[in-house]
file my_file16.txt (compact mmCIF, C-alpha atoms and all ligand atoms)
# COMPACT_ATOMS: atom_id res chain seq x y z
CA MET A 22 125.93 129.27 20.25
CA PRO A 23 123.37 128.07 22.83
CA TYR A 24 124.28 127.10 26.38
CA ALA A 25 123.12 123.80 27.88
CA ALA A 26 121.12 124.45 31.06
CA ILE A 27 120.39 121.74 33.62
CA THR A 28 116.59 121.95 33.86
CA GLY A 29 115.64 118.65 35.50
CA TRP A 30 117.12 116.39 38.15
CA GLY A 31 116.10 113.17 39.87
CA ALA A 32 117.51 110.27 41.86
CA ALA A 33 116.40 106.67 42.26
CA MET A 34 117.84 105.22 45.44
CA PRO A 35 117.20 101.58 46.37
CA PRO A 36 115.43 101.57 49.74
CA ALA A 37 117.37 98.68 51.34
CA ILE A 38 120.05 100.03 53.71
CA LEU A 39 123.24 98.15 54.61
CA SER A 40 124.78 99.65 57.76
CA ASN A 41 128.32 99.39 59.05
CA ALA A 42 126.89 97.17 61.80
CA ASP A 43 125.48 94.84 59.10
CA LEU A 44 128.96 94.59 57.55
CA SER A 45 130.40 93.69 60.95
CA THR A 46 128.19 90.57 61.03
CA PHE A 47 130.37 88.87 58.39
CA LEU A 48 133.58 90.97 58.22
CA ASP A 49 136.30 91.73 60.73
CA THR A 50 135.51 95.45 60.74
CA SER A 51 133.75 98.07 62.84
CA ASP A 52 131.59 101.15 62.49
CA GLU A 53 134.43 103.09 64.10
CA TRP A 54 137.04 101.98 61.50
CA ILE A 55 134.78 102.56 58.52
CA ALA A 56 133.48 105.93 59.72
CA THR A 57 136.87 107.36 60.67
CA ARG A 58 138.72 106.10 57.54
CA THR A 59 135.98 106.82 54.98
CA GLY A 60 133.14 108.89 56.52
CA MET A 61 130.68 106.14 55.53
CA ARG A 62 127.90 104.85 57.81
CA GLU A 63 125.43 103.30 55.36
CA ARG A 64 125.04 102.32 51.72
CA ARG A 65 122.13 101.06 49.59
CA ILE A 66 121.78 97.62 48.01
CA SER A 67 119.55 97.43 44.95
CA HIS A 68 116.90 94.75 44.44
CA VAL A 69 116.30 95.93 40.86
CA SER A 70 118.58 96.29 37.84
CA GLY A 71 120.59 99.39 36.97
CA THR A 72 118.34 99.91 33.97
CA GLU A 73 115.27 100.03 36.22
CA LEU A 74 116.93 102.58 38.52
CA ALA A 75 117.92 104.64 35.47
CA ILE A 76 114.38 104.58 34.06
CA LEU A 77 112.92 105.89 37.33
CA ALA A 78 115.60 108.57 37.84
CA SER A 79 115.10 109.69 34.20
CA ARG A 80 111.31 109.86 34.61
CA ARG A 81 111.79 111.99 37.73
CA ALA A 82 114.27 114.28 35.96
CA LEU A 83 111.99 114.65 32.92
CA ALA A 84 108.96 115.49 35.11
CA CYS A 85 111.12 117.99 36.98
CA ALA A 86 112.08 119.65 33.67
CA GLY A 87 108.53 119.46 32.28
CA LEU A 88 109.93 117.69 29.20
CA ASP A 89 107.89 115.06 27.38
CA PRO A 90 109.92 111.84 26.84
CA ALA A 91 108.78 111.90 23.21
CA ASP A 92 110.79 115.13 22.78
CA VAL A 93 114.07 113.78 24.19
CA GLU A 94 116.87 113.81 21.58
CA LEU A 95 119.75 112.07 23.39
CA ILE A 96 120.15 109.63 26.29
CA VAL A 97 123.63 109.23 27.81
CA PHE A 98 123.95 106.29 30.18
CA GLY A 99 127.02 106.74 32.39
CA SER A 100 128.05 103.56 34.17
CA CYS A 101 130.74 100.91 34.55
CA SER A 102 128.29 98.26 35.74
CA ASN A 103 125.91 98.04 32.78
CA ASP A 104 123.37 95.22 32.87
CA GLU A 105 124.60 94.09 29.45
CA GLN A 106 127.26 95.23 27.00
CA VAL A 107 125.20 94.55 23.87
CA PRO A 108 122.63 95.93 23.34
CA ASN A 109 123.78 99.06 25.09
CA THR A 110 121.88 100.04 28.20
CA ALA A 111 120.84 103.51 27.08
CA SER A 112 118.67 101.82 24.44
CA GLY A 113 116.76 100.01 27.21
CA VAL A 114 116.10 103.33 28.92
CA GLN A 115 115.04 104.90 25.61
CA PHE A 116 112.56 102.05 25.04
CA ALA A 117 111.05 102.20 28.54
CA LEU A 118 110.70 105.99 28.46
CA GLY A 119 109.09 105.92 25.02
CA ALA A 120 111.74 108.43 23.91
CA LYS A 121 111.54 107.20 20.33
CA ARG A 122 113.37 110.14 18.76
CA ALA A 123 116.37 109.94 21.07
CA GLY A 124 119.86 108.76 20.24
CA ALA A 125 121.11 106.44 22.97
CA MET A 126 124.71 105.94 24.06
CA ASP A 127 126.62 104.41 26.97
CA VAL A 128 129.67 106.15 28.43
CA ASN A 129 132.09 104.29 30.69
CA THR A 130 134.87 106.20 32.39
CA ALA A 131 134.11 104.50 35.75
CA CYS A 132 133.35 106.97 38.58
CA THR A 133 133.54 109.97 36.21
CA SER A 134 131.04 108.50 33.70
CA PHE A 135 128.21 110.88 34.61
CA LEU A 136 130.41 113.96 34.24
CA TYR A 137 132.04 112.74 31.02
CA GLY A 138 128.46 112.11 29.82
CA LEU A 139 127.52 115.64 30.83
CA SER A 140 130.45 116.98 28.78
CA THR A 141 129.25 114.91 25.81
CA ALA A 142 125.68 116.20 26.07
CA ASN A 143 126.86 119.76 26.67
CA ALA A 144 129.07 119.71 23.57
CA MET A 145 126.30 118.22 21.41
CA ILE A 146 123.79 120.83 22.58
CA ARG A 147 126.21 123.72 22.17
CA THR A 148 127.09 122.65 18.62
CA GLY A 149 123.45 122.07 17.66
CA VAL A 150 123.57 118.28 17.19
CA VAL A 151 120.71 117.92 19.68
CA ARG A 152 118.59 120.38 21.64
CA ASN A 153 118.28 118.36 24.82
CA ALA A 154 119.58 115.26 26.59
CA VAL A 155 119.02 113.02 29.59
CA VAL A 156 122.33 112.25 31.31
CA ILE A 157 122.39 109.38 33.78
CA GLY A 158 124.90 108.15 36.37
CA VAL A 159 124.03 104.70 37.69
CA GLU A 160 125.82 101.79 39.32
CA ILE A 161 124.90 98.38 40.65
CA ILE A 162 128.17 97.68 42.40
CA ALA A 163 126.88 95.26 45.02
CA GLN A 164 126.90 92.46 42.43
CA TYR A 165 130.63 92.94 41.70
CA ILE A 166 132.00 93.50 45.18
CA ASP A 167 134.23 91.00 46.94
CA TRP A 168 131.97 91.01 49.97
CA ASP A 169 134.36 88.87 51.99
CA ASN A 170 137.28 91.28 51.50
CA ARG A 171 137.03 94.06 54.12
CA ASN A 172 139.39 96.29 52.11
CA VAL A 173 136.74 96.51 49.39
CA ALA A 174 133.32 95.58 50.79
CA VAL A 175 132.84 98.58 53.06
CA LEU A 176 133.41 101.24 50.40
CA PHE A 177 130.63 100.94 47.83
CA GLY A 178 126.86 101.21 47.35
CA ASP A 179 124.23 101.15 44.60
CA GLY A 180 122.31 104.15 43.30
CA CYS A 181 121.28 106.35 40.39
CA GLY A 182 120.84 109.99 39.50
CA ALA A 183 119.89 111.74 36.26
CA VAL A 184 119.64 115.25 34.87
CA VAL A 185 117.92 116.83 31.88
CA VAL A 186 120.01 119.30 29.91
CA GLN A 187 118.37 121.72 27.46
CA ALA A 188 119.53 124.41 25.05
CA SER A 189 119.28 127.90 26.53
CA ASP A 190 120.03 131.42 25.32
CA ARG A 191 121.11 132.44 28.82
CA GLU A 192 124.65 131.90 30.10
CA GLU A 193 123.96 128.85 32.27
CA GLY A 194 124.78 125.15 32.54
CA VAL A 195 128.37 123.94 32.06
CA LEU A 196 130.55 127.06 31.77
CA ALA A 197 133.78 125.06 31.68
CA ASP A 198 134.87 121.44 31.91
CA GLN A 199 138.31 119.93 32.28
CA LEU A 200 138.83 116.24 31.49
CA GLY A 201 141.97 114.17 32.04
CA CYS A 202 143.35 110.68 32.49
CA ILE A 203 146.47 109.39 34.28
CA ALA A 204 146.73 106.34 32.06
CA ASP A 205 150.17 105.25 33.22
CA ALA A 206 148.53 104.45 36.58
CA ARG A 207 145.54 102.60 35.11
CA GLN A 208 146.61 99.34 36.79
CA THR A 209 146.04 100.84 40.24
CA LEU A 210 142.25 100.45 40.03
CA ARG A 211 140.38 97.80 38.06
CA ILE A 212 137.64 95.19 38.22
CA ARG A 213 138.87 91.83 37.02
CA GLY A 214 136.35 89.43 35.56
CA MET A 215 134.28 91.95 33.54
CA GLY A 216 134.75 92.24 29.77
CA ALA A 217 135.83 90.36 26.69
CA ALA A 218 139.28 89.54 28.10
CA TYR A 219 137.61 87.22 30.59
CA VAL A 220 134.66 85.58 28.87
CA ASN A 221 134.82 82.15 27.23
CA GLN A 222 138.38 81.54 28.44
CA ASP A 223 139.82 78.10 29.19
CA VAL A 224 139.51 78.74 32.89
CA THR A 225 135.93 79.26 33.97
CA ILE A 226 135.80 82.21 36.31
CA GLY A 227 132.44 82.99 37.85
CA ASN A 228 133.55 85.81 40.08
CA THR A 229 134.74 89.39 39.76
CA LEU A 230 137.58 90.87 41.77
CA ILE A 231 137.98 94.55 42.59
CA ASP A 232 141.68 95.23 42.57
CA PHE A 233 143.04 98.59 43.74
CA ASP A 234 145.81 100.28 45.66
CA GLY A 235 143.79 102.47 48.02
CA GLN A 236 146.58 104.79 49.12
CA GLU A 237 147.80 105.36 45.55
CA VAL A 238 144.23 106.01 44.37
CA PHE A 239 143.76 108.38 47.31
CA LYS A 240 146.82 110.49 46.37
CA ARG A 241 146.02 110.54 42.66
CA ALA A 242 142.36 111.41 43.36
CA VAL A 243 143.27 114.43 45.49
CA HIS A 244 145.81 115.65 42.94
CA GLY A 245 143.58 115.01 39.90
CA MET A 246 140.43 116.58 41.33
CA ALA A 247 142.27 119.63 42.67
CA GLN A 248 144.16 120.16 39.41
CA ALA A 249 141.04 119.74 37.25
CA SER A 250 139.06 122.10 39.50
CA ALA A 251 141.70 124.82 39.18
CA ALA A 252 141.87 124.35 35.40
CA ALA A 253 138.08 124.43 34.93
CA MET A 254 137.73 127.58 37.05
CA ALA A 255 140.56 129.27 35.14
CA LYS A 256 138.91 128.38 31.80
CA CYS A 257 135.76 130.33 32.66
CA GLY A 258 137.48 133.08 34.64
CA VAL A 259 136.08 132.34 38.11
CA THR A 260 137.87 131.88 41.43
CA VAL A 261 137.12 129.70 44.44
CA GLU A 262 135.52 132.72 46.12
CA ASP A 263 132.88 132.71 43.36
CA ILE A 264 131.93 129.06 43.99
CA ASP A 265 128.70 128.69 45.99
CA LEU A 266 128.60 124.90 46.23
CA VAL A 267 130.90 121.96 45.53
CA VAL A 268 129.26 118.67 44.51
CA PRO A 269 132.18 116.22 44.37
CA HIS A 270 132.57 112.52 43.68
CA GLN A 271 132.17 110.79 47.05
CA ALA A 272 134.80 108.02 47.29
CA ASN A 273 135.98 108.94 50.78
CA LEU A 274 135.26 111.89 53.08
CA ARG A 275 139.00 112.35 53.64
CA ILE A 276 139.62 112.70 49.88
CA ILE A 277 136.90 115.36 49.67
CA GLU A 278 138.33 117.22 52.68
CA ALA A 279 141.81 117.16 51.13
CA VAL A 280 140.55 118.48 47.77
CA ALA A 281 138.58 121.24 49.51
CA ALA A 282 141.60 122.20 51.63
CA ARG A 283 143.88 122.37 48.57
CA ALA A 284 141.37 124.51 46.72
CA GLY A 285 140.75 126.73 49.76
CA ILE A 286 137.03 125.92 49.88
CA PRO A 287 135.38 125.62 53.33
CA MET A 288 133.59 122.30 53.97
CA GLU A 289 130.31 124.19 54.63
CA LYS A 290 130.22 124.76 50.86
CA VAL A 291 130.59 121.04 50.07
CA MET A 292 127.56 118.77 49.49
CA LEU A 293 128.13 115.41 51.21
CA THR A 294 126.24 112.15 50.75
CA VAL A 295 129.12 109.78 51.50
CA GLU A 296 127.86 109.09 55.04
CA ARG A 297 124.46 107.83 53.86
CA TYR A 298 125.23 106.39 50.40
CA ALA A 299 129.00 105.56 50.36
CA ASN A 300 130.79 105.42 46.98
CA MET A 301 128.27 104.87 44.16
CA SER A 302 130.86 105.50 41.45
CA SER A 303 129.24 107.42 38.57
CA ALA A 304 126.00 107.91 40.55
CA THR A 305 127.52 109.95 43.37
CA VAL A 306 127.56 113.36 41.65
CA PRO A 307 124.02 113.35 40.17
CA VAL A 308 122.55 111.90 43.38
CA ALA A 309 124.35 114.52 45.48
CA LEU A 310 123.23 117.25 43.08
CA ALA A 311 119.58 116.14 43.34
CA ALA A 312 119.93 115.99 47.15
CA ALA A 313 121.41 119.50 47.21
CA LEU A 314 118.41 120.80 45.26
CA ASP A 315 115.96 118.93 47.52
CA GLU A 316 117.68 120.44 50.56
CA GLY A 317 117.53 123.98 49.17
CA ARG A 318 121.31 124.31 48.87
CA VAL A 319 121.18 125.38 45.21
CA LYS A 320 119.94 128.95 44.71
CA PRO A 321 118.99 130.70 41.47
CA GLY A 322 122.25 131.58 39.72
CA SER A 323 124.44 129.43 42.03
CA LEU A 324 127.92 128.63 40.75
CA ILE A 325 128.62 124.92 41.31
CA LEU A 326 131.92 123.04 41.05
CA MET A 327 131.76 119.30 40.38
CA PRO A 328 135.11 117.43 40.56
CA ALA A 329 135.43 113.65 40.15
CA PHE A 330 137.92 110.83 39.83
CA GLY A 331 137.72 107.19 38.75
CA ALA A 332 139.37 104.15 37.20
CA GLY A 333 141.44 104.88 34.12
CA LEU A 334 142.57 106.85 36.07
CA THR A 335 140.13 109.42 34.73
CA TYR A 336 139.50 112.75 36.40
CA CYS A 337 137.52 115.88 35.62
CA ALA A 338 135.88 118.99 37.00
CA HIS A 339 132.89 121.00 35.78
CA VAL A 340 131.84 124.54 36.62
CA VAL A 341 128.07 124.91 36.30
CA ARG A 342 126.01 128.09 36.51
CA TRP A 343 122.54 127.20 37.79
CA GLY A 344 119.50 128.79 36.13
CA GLU A 345 116.56 130.60 37.72
CA ARG A 346 114.47 127.55 38.65
CA VAL A 347 115.45 125.43 41.68
CA THR A 348 112.14 123.58 42.13
CA PRO A 349 110.58 120.88 39.91
CA ILE A 350 107.94 121.79 37.33
CA SER A 351 106.16 118.56 38.24
CA VAL A 352 106.84 115.41 40.23
CA CYS A 353 106.83 111.84 38.89
CA PRO A 354 104.71 109.69 41.22
CA ASP A 355 106.41 106.38 40.29
CA GLU A 356 108.26 104.38 42.95
CA LEU A 357 110.43 101.26 42.89
CA PRO A 358 108.67 98.05 43.88
CA PRO A 359 109.36 97.27 47.56
CA PRO A 360 112.29 94.88 48.15
CA GLN A 361 111.41 91.39 49.35
CA LYS A 362 114.67 91.02 51.31
CA THR A 363 116.73 93.16 53.63
CA ALA A 364 120.02 94.56 52.35
CA LEU A 365 121.93 92.10 54.52
CA GLU A 366 119.91 89.19 53.14
CA MET A 367 120.65 90.33 49.57
CA VAL A 368 124.37 90.64 50.32
CA ASN A 369 124.47 87.22 51.96
CA ALA A 370 122.79 85.77 48.86
CA ILE A 371 125.49 87.33 46.63
CA ARG A 372 128.19 85.98 48.95
CA ALA A 373 126.66 82.50 48.75
CA ARG A 374 126.52 82.65 44.94
CA LYS A 375 130.15 83.77 44.75
CA THR A 376 131.22 80.95 47.05
CA ALA A 377 129.32 78.44 44.92
CA ASN A 378 130.86 79.87 41.73
CA ALA A 379 134.34 79.66 43.19
CA ALA A 380 133.74 76.04 44.15
CA ARG A 381 132.58 75.26 40.61
CA SER A 382 135.57 76.98 39.06
CA GLU A 383 137.34 74.40 36.87
CA ALA A 384 140.74 74.79 38.45
CA ALA A 385 139.36 75.72 41.88
CA LEU A 386 141.51 78.81 41.82
CA SER A 387 142.25 80.75 44.94
CA GLN A 388 141.62 84.51 44.76
CA ALA A 389 145.35 85.14 44.27
CA GLN A 390 145.64 82.50 41.54
CA PHE A 391 142.53 83.97 39.95
CA ALA A 392 144.14 87.40 39.83
CA ASP A 393 147.22 85.92 38.11
CA ALA A 394 145.16 83.83 35.70
CA VAL A 395 143.21 86.76 34.36
CA LYS A 396 146.15 89.13 33.96
CA THR A 397 145.94 88.63 30.22
CA SER A 398 146.36 92.25 29.25
CA PRO A 399 149.87 93.70 29.18
CA HIS A 400 148.38 97.21 29.59
N1 LIG B 501 137.93 97.31 58.72
C1 LIG B 501 138.95 97.24 59.58
N2 LIG B 501 140.24 97.28 59.18
C2 LIG B 501 140.48 97.43 57.88
C3 LIG B 501 139.45 97.53 56.93
C4 LIG B 501 138.13 97.46 57.40
N3 LIG B 501 137.08 97.55 56.58
N4 LIG B 501 140.01 97.68 55.71
C5 LIG B 501 141.34 97.69 55.87
N5 LIG B 501 141.61 97.53 57.18
C6 LIG B 501 142.92 97.48 57.82
C7 LIG B 501 143.99 97.03 56.87
O1 LIG B 501 144.04 95.61 56.83
C8 LIG B 501 145.23 97.63 57.50
O2 LIG B 501 145.65 96.82 58.56
P1 LIG B 501 147.20 96.54 58.82
O3 LIG B 501 147.81 97.90 59.11
O4 LIG B 501 147.19 95.63 59.98
O5 LIG B 501 147.71 95.93 57.55
C9 LIG B 501 144.72 98.94 58.11
O6 LIG B 501 143.29 98.79 58.23
C10 LIG B 501 145.05 100.17 57.30
O7 LIG B 501 144.70 99.93 55.95
P2 LIG B 501 145.01 101.01 54.86
O8 LIG B 501 144.79 100.42 53.52
O9 LIG B 501 146.32 101.63 55.14
O10 LIG B 501 143.87 102.10 55.17
P3 LIG B 501 143.69 103.53 54.56
O11 LIG B 501 143.74 104.51 55.65
O12 LIG B 501 144.56 103.77 53.36
O13 LIG B 501 142.19 103.47 54.05
C11 LIG B 501 140.95 103.27 51.99
C12 LIG B 501 141.85 102.55 53.01
C13 LIG B 501 139.67 103.69 52.74
C14 LIG B 501 140.61 102.34 50.87
C15 LIG B 501 141.67 104.53 51.47
O14 LIG B 501 142.96 104.17 51.01
C16 LIG B 501 140.93 105.20 50.37
O15 LIG B 501 139.90 105.80 50.58
N6 LIG B 501 141.47 105.15 49.14
C17 LIG B 501 140.89 105.86 47.99
C18 LIG B 501 139.50 105.41 47.64
C19 LIG B 501 139.52 104.14 46.86
O16 LIG B 501 140.55 103.64 46.49
N7 LIG B 501 138.31 103.65 46.58
C20 LIG B 501 138.17 102.54 45.74
C21 LIG B 501 138.33 102.98 44.34
S1 LIG B 501 136.89 103.74 43.68
C22 LIG B 501 136.97 105.40 43.38
O17 LIG B 501 135.96 106.00 43.50
C23 LIG B 501 138.15 106.11 42.88

call {"tool": "encode", "arguments": {"input": "my_file16.txt", "output": "structure tokens"}}
result
Amino acid sequence: MPYAAITGWGAAMPPAILSNADLSTFLDTSDEWIATRTGMRERRISHVSGTELAILASRRALACAGLDPADVELIVFGSCSNDEQVPNTASGVQFALGAKRAGAMDVNTACTSFLYGLSTANAMIRTGVVRNAVVIGVEIIAQYIDWDNRNVAVLFGDGCGAVVVQASDREEGVLADQLGCIADARQTLRIRGMGAAYVNQDVTIGNTLIDFDGQEVFKRAVHGMAQASAAAMAKCGVTVEDIDLVVPHQANLRIIEAVAARAGIPMEKVMLTVERYANMSSATVPVALAAALDEGRVKPGSLILMPAFGAGLTYCAHVVRWGERVTPISVCPDELPPPQKTALEMVNAIRARKTANAARSEAALSQAQFADAVKTSPH
């Protein structure tokens, strides 16, 4: 049975930076509060669609792997903020890449979507369904955020990362993965206003609402990521001493520190991007992985642990053995078009649209009434 080596990696980060100081211009918050509670200083706001970010990250990952798009057999698009539900977004990436032979599927397990997608690709390669895959983690969260709610607005950012996975005879790639879901707590983290439960209802709702219990999510995240990490390491017979690098989901620096402390892993072994990119949901792990490679933190044969947690409440951890190559075969020269607005200008435009939508709302619902009105699902 072949292994599934990670042979290419790439990120596509929107260039527009929203700082904590920018947030303070319209929220009652401070750099000090955000940095001490979350570890975040900046996040990116995208001026292009998630599909466009995914296309660029995929091109970079394919160039890095030296794989022709025409030879790609599977595209897995991990995201909870897809540009459209139908057609699926992976098909848009397949079309733009010219990867005509590739199957194309979307995976949504929220922040864990990239890693669940990696499990999917790994299983398909190991069982011979396909010989290679592009796995993407991408989010455009800025469009969904309640920018005028300081509990939510400071936490998230946009971004995208992708990897190429290819069949290999050597023992490399995902050695073990552990997936789980604490479904009885699924109400503790959700985005209201997205999905079939909300569209074409009697009450016209133009806005989304991110609804979560931060302290409950925090506790569950630490428990879930630590438990999954221990289980994945046990499955492939390695211990924390064997782990060279941890590339975790980056929802909060304090969550990462707590998971590392529970596992007995020193923070020097943990790759952090939360300060510069904040929480990009499914994009955090592939972006942090690409950054770790760029910064020379992945060595030939490195053993990497990748734990994550997201709405659902899904959790997982993957143990990956890196191959021999830690540099790209070639580099894709493409870049995103330059943004015409600053990040703060883009955010203020979203805020203005949301305000206008709320005003147009048939029943002129308040945020609290809105939350009640859309609680249609008993689950
Ligand atoms: N600026 C200033 N004050 C703020 C801000 C802000 N941006 N946000 C909240 N506060 C205030 C609150 O109003 C509260 O004030 P009060 O005591 O007067 O009521 C006070 O700060 C403390 O708020 P807490 O909610 O207790 O703050 P906490 O230390 O729990 O941090 C946080 C909140 C960062 C959300 C934390 O709970 C967390 O990281 N949770 C897990 C991550 C998470 O839920 N992310 C979203 C889900 S996505 C995912 O990736 C899983």

call {"tool": "residues_near_point", "arguments": {"input": "my_file16.txt", "point": "(134.5, 94.7, 40.7)", "cutoff": "12 Å", "atoms": "only C-alpha atoms", "output": "MDAnalysis selection string"}}
result
chainID A and resid 101:102 131 160:168 170 173:174 176:177 210:216 228:233 302 332

call {"tool": "closest_atom_pairs", "arguments": {"input": "my_file16.txt", "of": "chain A", "to": "ligand LIG 501 (chain B)", "cutoff": "6 Å", "atoms": "only C-alpha atoms and all ligand atoms", "output": "JSON lines"}}
result
{"residue": "A:Thr50", "atom": "CA", "partner": "B:LIG501", "partner_atom": "N1", "distance": 3.7}
{"residue": "A:Ser51", "atom": "CA", "partner": "B:LIG501", "partner_atom": "N1", "distance": 5.9}
{"residue": "A:Trp54", "atom": "CA", "partner": "B:LIG501", "partner_atom": "C1", "distance": 5.5}
{"residue": "A:Ile55", "atom": "CA", "partner": "B:LIG501", "partner_atom": "N3", "distance": 5.8}
{"residue": "A:Arg58", "atom": "CA", "partner": "B:LIG501", "partner_atom": "C13", "distance": 5.5}
{"residue": "A:Thr59", "atom": "CA", "partner": "B:LIG501", "partner_atom": "C13", "distance": 5.3}
{"residue": "A:Cys132", "atom": "CA", "partner": "B:LIG501", "partner_atom": "O17", "distance": 5.7}
{"residue": "A:Arg171", "atom": "CA", "partner": "B:LIG501", "partner_atom": "N3", "distance": 4.3}
{"residue": "A:Asn172", "atom": "CA", "partner": "B:LIG501", "partner_atom": "N4", "distance": 3.9}
{"residue": "A:Val175", "atom": "CA", "partner": "B:LIG501", "partner_atom": "N3", "distance": 5.6}
{"residue": "A:Gly235", "atom": "CA", "partner": "B:LIG501", "partner_atom": "O14", "distance": 3.5}
{"residue": "A:Gln236", "atom": "CA", "partner": "B:LIG501", "partner_atom": "O14", "distance": 4.1}
{"residue": "A:Val238", "atom": "CA", "partner": "B:LIG501", "partner_atom": "O16", "distance": 4.9}
{"residue": "A:Phe239", "atom": "CA", "partner": "B:LIG501", "partner_atom": "C17", "distance": 3.9}
{"residue": "A:Ala272", "atom": "CA", "partner": "B:LIG501", "partner_atom": "O17", "distance": 4.4}
{"residue": "A:Asn273", "atom": "CA", "partner": "B:LIG501", "partner_atom": "O15", "distance": 5.0}
{"residue": "A:Ser302", "atom": "CA", "partner": "B:LIG501", "partner_atom": "O17", "distance": 5.5}
{"residue": "A:Phe330", "atom": "CA", "partner": "B:LIG501", "partner_atom": "C23", "distance": 5.6}
{"residue": "A:Gly331", "atom": "CA", "partner": "B:LIG501", "partner_atom": "C23", "distance": 4.3}

call {"tool": "closest_residue", "arguments": {"input": "my_file16.txt", "among": "A:Met246, A:Val267, A:Met22, A:Leu314", "to": "Val150 (chain A)", "atoms": "all atoms listed in the file"}}
result
A:Met22

call {"tool": "closest_residue", "arguments": {"input": "my_file16.txt", "among": "A:Ala26, A:Met61, A:Ala282, A:Ala56", "to": "Arg152 (chain A)", "atoms": "all atoms listed in the file"}}
result
A:Ala26

call {"tool": "closest_residue", "arguments": {"input": "my_file16.txt", "among": "A:Leu310, A:Leu274, A:Leu74, A:Arg147", "to": "Glu192 (chain A)", "atoms": "all atoms listed in the file"}}
result
A:Arg147

call {"tool": "residues_near_point", "arguments": {"input": "my_file16.txt", "point": "(117.6, 101.5, 27.5)", "cutoff": "10 Å", "atoms": "only C-alpha atoms", "output": "ChimeraX atom specification"}}
result
/A:72-73,75-76,96-98,108-120,125-127

call {"tool": "closest_residue", "arguments": {"input": "my_file16.txt", "among": "A:Ile350, A:Ala255, A:Ile371, A:Val69", "to": "Gly87 (chain A)", "atoms": "only C-alpha atoms"}}
result
A:Ile350

call {"tool": "closest_residue", "arguments": {"input": "my_file16.txt", "among": "A:Asp179, A:Asp198, A:Asp169, A:Glu366", "to": "Ala338 (chain A)", "atoms": "all atoms listed in the file"}}
result
A:Asp198

call {"tool": "closest_residue", "arguments": {"input": "my_file16.txt", "among": "A:Val151, A:Ala309, A:Ala82, A:Ile203", "to": "Thr335 (chain A)", "atoms": "only C-alpha atoms"}}
result
A:Ile203

call {"tool": "atom_distance", "arguments": {"input": "my_file16.txt", "atom1": "CA of Asn300 (chain A)", "atom2": "CA of Val368 (chain A)"}}
result
16.5 Å

call {"tool": "atom_distance", "arguments": {"input": "my_file16.txt", "atom1": "CA of His68 (chain A)", "atom2": "CA of Val107 (chain A)"}}
result
22.2 Å

call {"tool": "atom_distance", "arguments": {"input": "my_file16.txt", "atom1": "CA of Gly285 (chain A)", "atom2": "CA of Leu136 (chain A)"}}
result
22.6 Å

call {"tool": "residues_around", "arguments": {"input": "my_file16.txt", "residues": "Asn153 (chain A)", "least_positions_apart": "3", "cutoff": "12 Å", "atoms": "all atoms listed in the file", "output": "PyMOL selection string"}}
result
chain A and resi 23-29+83+86+88-97+120+122-124+139+141-150+156+184-189
